[in-house]
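Enquirer: Pasting a structure below so you can have a look.
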Amino acid sequence: MNSNQKIGRIAGVVFLIIIGAGVFAEFFVRQKIFVTDDPVATAANIANNGWLYRLGIVSDLVMILAFFFYPLVLERVFKHVNKNLSKLMVLSVMISVAILCVTMLAMIAPLLLTSGADYMVGFTIDQINGLVTFFLKLHTNGYFISQVFYGLYLLPLGYMIFKSSLAPKIIGVLLMLGCIGDQIDVIRYFLFPDTQSVLLQNITTPADLGEMSLCLWLLIMGLRNKKVETEAVV
């Protein structure tokens with residue numbers, strides 16, 4: 001196995017951890033516990049399923065930690081394609097990771113609010129229920145802010161894949177389109193949150209397809225063993 005294949009497969013494993021941890025936290029924890037437009041039921045679910053909720057927090061932290069290392073692994077190969085773009089890729093992810101870490105505090109707050117601790121005696125049940133929903137919505141907003149930079153990292157990565165052919169060019173195209181889609185999705189969320197447009201509601205599909213395809217390619221094939229010249233940046 002050549003060095004590019006090895007690095008690519010390591011990156012694939014790391015990204016698989018990101019996907020697995022993120023899917024578990026979202027679909028097996030949050031969507032089971034959070035009840036849309038029902039603060040009472042949501043707060044009760046958190047209080048009655050504290051261990052599951054904590055497991056979701058840990059899964060999110062595992063995802064964030066893996067996401068931190070992911071571009072550092074890829075940079076070992078892509079810095080030879082375009083040094084500046086590889087730095088932009090890493091920097092974009094690091095900013096996204098920092099925002100996600102801060103946003104996790106909003107996920108921890110509902111756990112503290114529903115803990116029944118003595119310091120909560122000054123709050124009524126209705127106030128606690130309202131605060132739980134407030135912090136969960138704050139977490140969602142923080143996630144979309146991080147998506148600005150999460151989406152941005154797709155552009156340099158997609159471009160470098162397209163130019164170098166270290167992976168199929170179509171994956172690079174999907175990632176670059178995914179960057180545009182993610183930015184549009186952020187605008188949609190903050191300016192048109194109640195939109196019923198099928199197109200806008202599925203605007204992140206290219207990013208999803210690109211990243212899933214890249215993950216599978218890295219796991220199965222790794223990165224191609226191609227000698228690439230560092231691209232000059234004017």
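Identifiers in the structure tokens: chain A, B, ... in order shown; residue index from 1 per chain; ligand index from 1 in order shown.
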Taking only C-alpha atoms into account, produce a table as a Markdown table in which each residue of region 10-98 of chain A with an atom at most 12 Å from an atom of region 139-147 of chain A appears once, together with its shortest atom pair and the distance in Å to one decimal, ordered by chain and rising number.

Expert:
| residue | atom | partner | partner_atom | distance |
| --- | --- | --- | --- | --- |
| A:Glu26 | CA | A:Thr140 | CA | 11.4 |
| A:Arg30 | CA | A:Thr140 | CA | 11.3 |
| A:Ile57 | CA | A:His139 | CA | 11.9 |
| A:Asp60 | CA | A:Tyr143 | CA | 11.6 |
| A:Ile64 | CA | A:Ser146 | CA | 11.4 |
| A:Ser92 | CA | A:Ser146 | CA | 9.5 |
| A:Val93 | CA | A:Ser146 | CA | 9.1 |
| A:Met94 | CA | A:Ser146 | CA | 10.1 |
| A:Ile95 | CA | A:Ser146 | CA | 7.6 |
| A:Ser96 | CA | A:Ser146 | CA | 4.7 |
| A:Val97 | CA | A:Ser146 | CA | 7.5 |
| A:Ala98 | CA | A:Ser146 | CA | 8.3 |

Enquirer: So that I can see what lies close to region 128-130 of chain A, please list as a list in words the residues with an atom at most 9 Å from it, counting only C-alpha atoms and leaving out residues fewer than 6 positions away in the same chain.

Expert: Pro39, Val40, Ala41, Thr42, Ala43, Ala44, Pro110, Leu113, Thr114 and Met120 of chain A

Enquirer: Which neighbours of Pro168 (chain A) fall inside 9 Å, counting only C-alpha atoms, when residues of the same chain fewer than 4 positions from it are skipped, and could you give them as JSON, numbers by chain?

Expert: {"A": [161, 162, 172, 214, 217]}

Enquirer: Write the selection just made, keeping N, CA and C atoms, as a compact mmCIF listing (two decimals), in the first residue's frame?

Expert:
# COMPACT_ATOMS: atom_id res chain seq x y z
N ILE A 161 -9.17 18.22 -5.15
CA ILE A 161 -9.46 16.89 -5.68
C ILE A 161 -9.65 16.96 -7.19
N PHE A 162 -10.39 17.98 -7.64
CA PHE A 162 -10.66 18.13 -9.07
C PHE A 162 -9.37 18.35 -9.86
N GLY A 172 -14.94 15.91 -6.42
CA GLY A 172 -14.52 17.30 -6.25
C GLY A 172 -15.60 18.27 -6.67
N LEU A 214 -16.86 10.60 -0.93
CA LEU A 214 -15.45 10.73 -0.58
C LEU A 214 -15.09 9.76 0.54
N TRP A 217 -14.86 6.30 -0.92
CA TRP A 217 -13.68 6.18 -1.78
C TRP A 217 -12.41 6.07 -0.93

Enquirer: Smallest atom-to-atom distance to Ile180 (chain A): which of A:Asn225, A:Asn49, A:Thr204, A:Ser197, using only C-alpha atoms?

Expert: A:Thr204

Enquirer: Output as a VMD selection string all residues of region 4-110 of chain A that backbone DSSP marks as alpha helix (DSSP H).

Expert: chain A and resid 4 to 23 31 to 33 39 to 48 50 to 78 83 to 110

Enquirer: Need the shell around Ile171 (chain A): protein/DNA/RNA residues with any atom at most 12 Å away, counting only C-alpha atoms. Skip same-chain ones fewer than 5 positions apart. Format as a VMD selection string?

Expert: chain A and resid 154 to 155 157 to 166 176 to 178 206 to 218

Enquirer: Which is closer to Thr103 (chain A) than all the others in A:Leu191, A:Val186, A:Leu138, A:Leu152, using only C-alpha atoms?

Expert: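 Comparing A:Leu191, A:Val186, A:Leu138, A:Leu152 against Thr103 (chain A), the winner is A:Leu138.
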
Enquirer: Would you kindly return, as number ranges by chain, each protein, DNA or RNA residue with an atom no farther than 10 Å from any atom of Arg76 (chain A), considering only C-alpha atoms and excluding same-chain residues fewer than 6 positions away?

Expert: A: 4, 7-8, 86

Enquirer: Out of A:Phe69, A:Phe15, A:Tyr53, A:Tyr189, which residue has the shortest atom-to-atom distance to Met107 (chain A) when counting only C-alpha atoms?

Expert: A:Tyr53
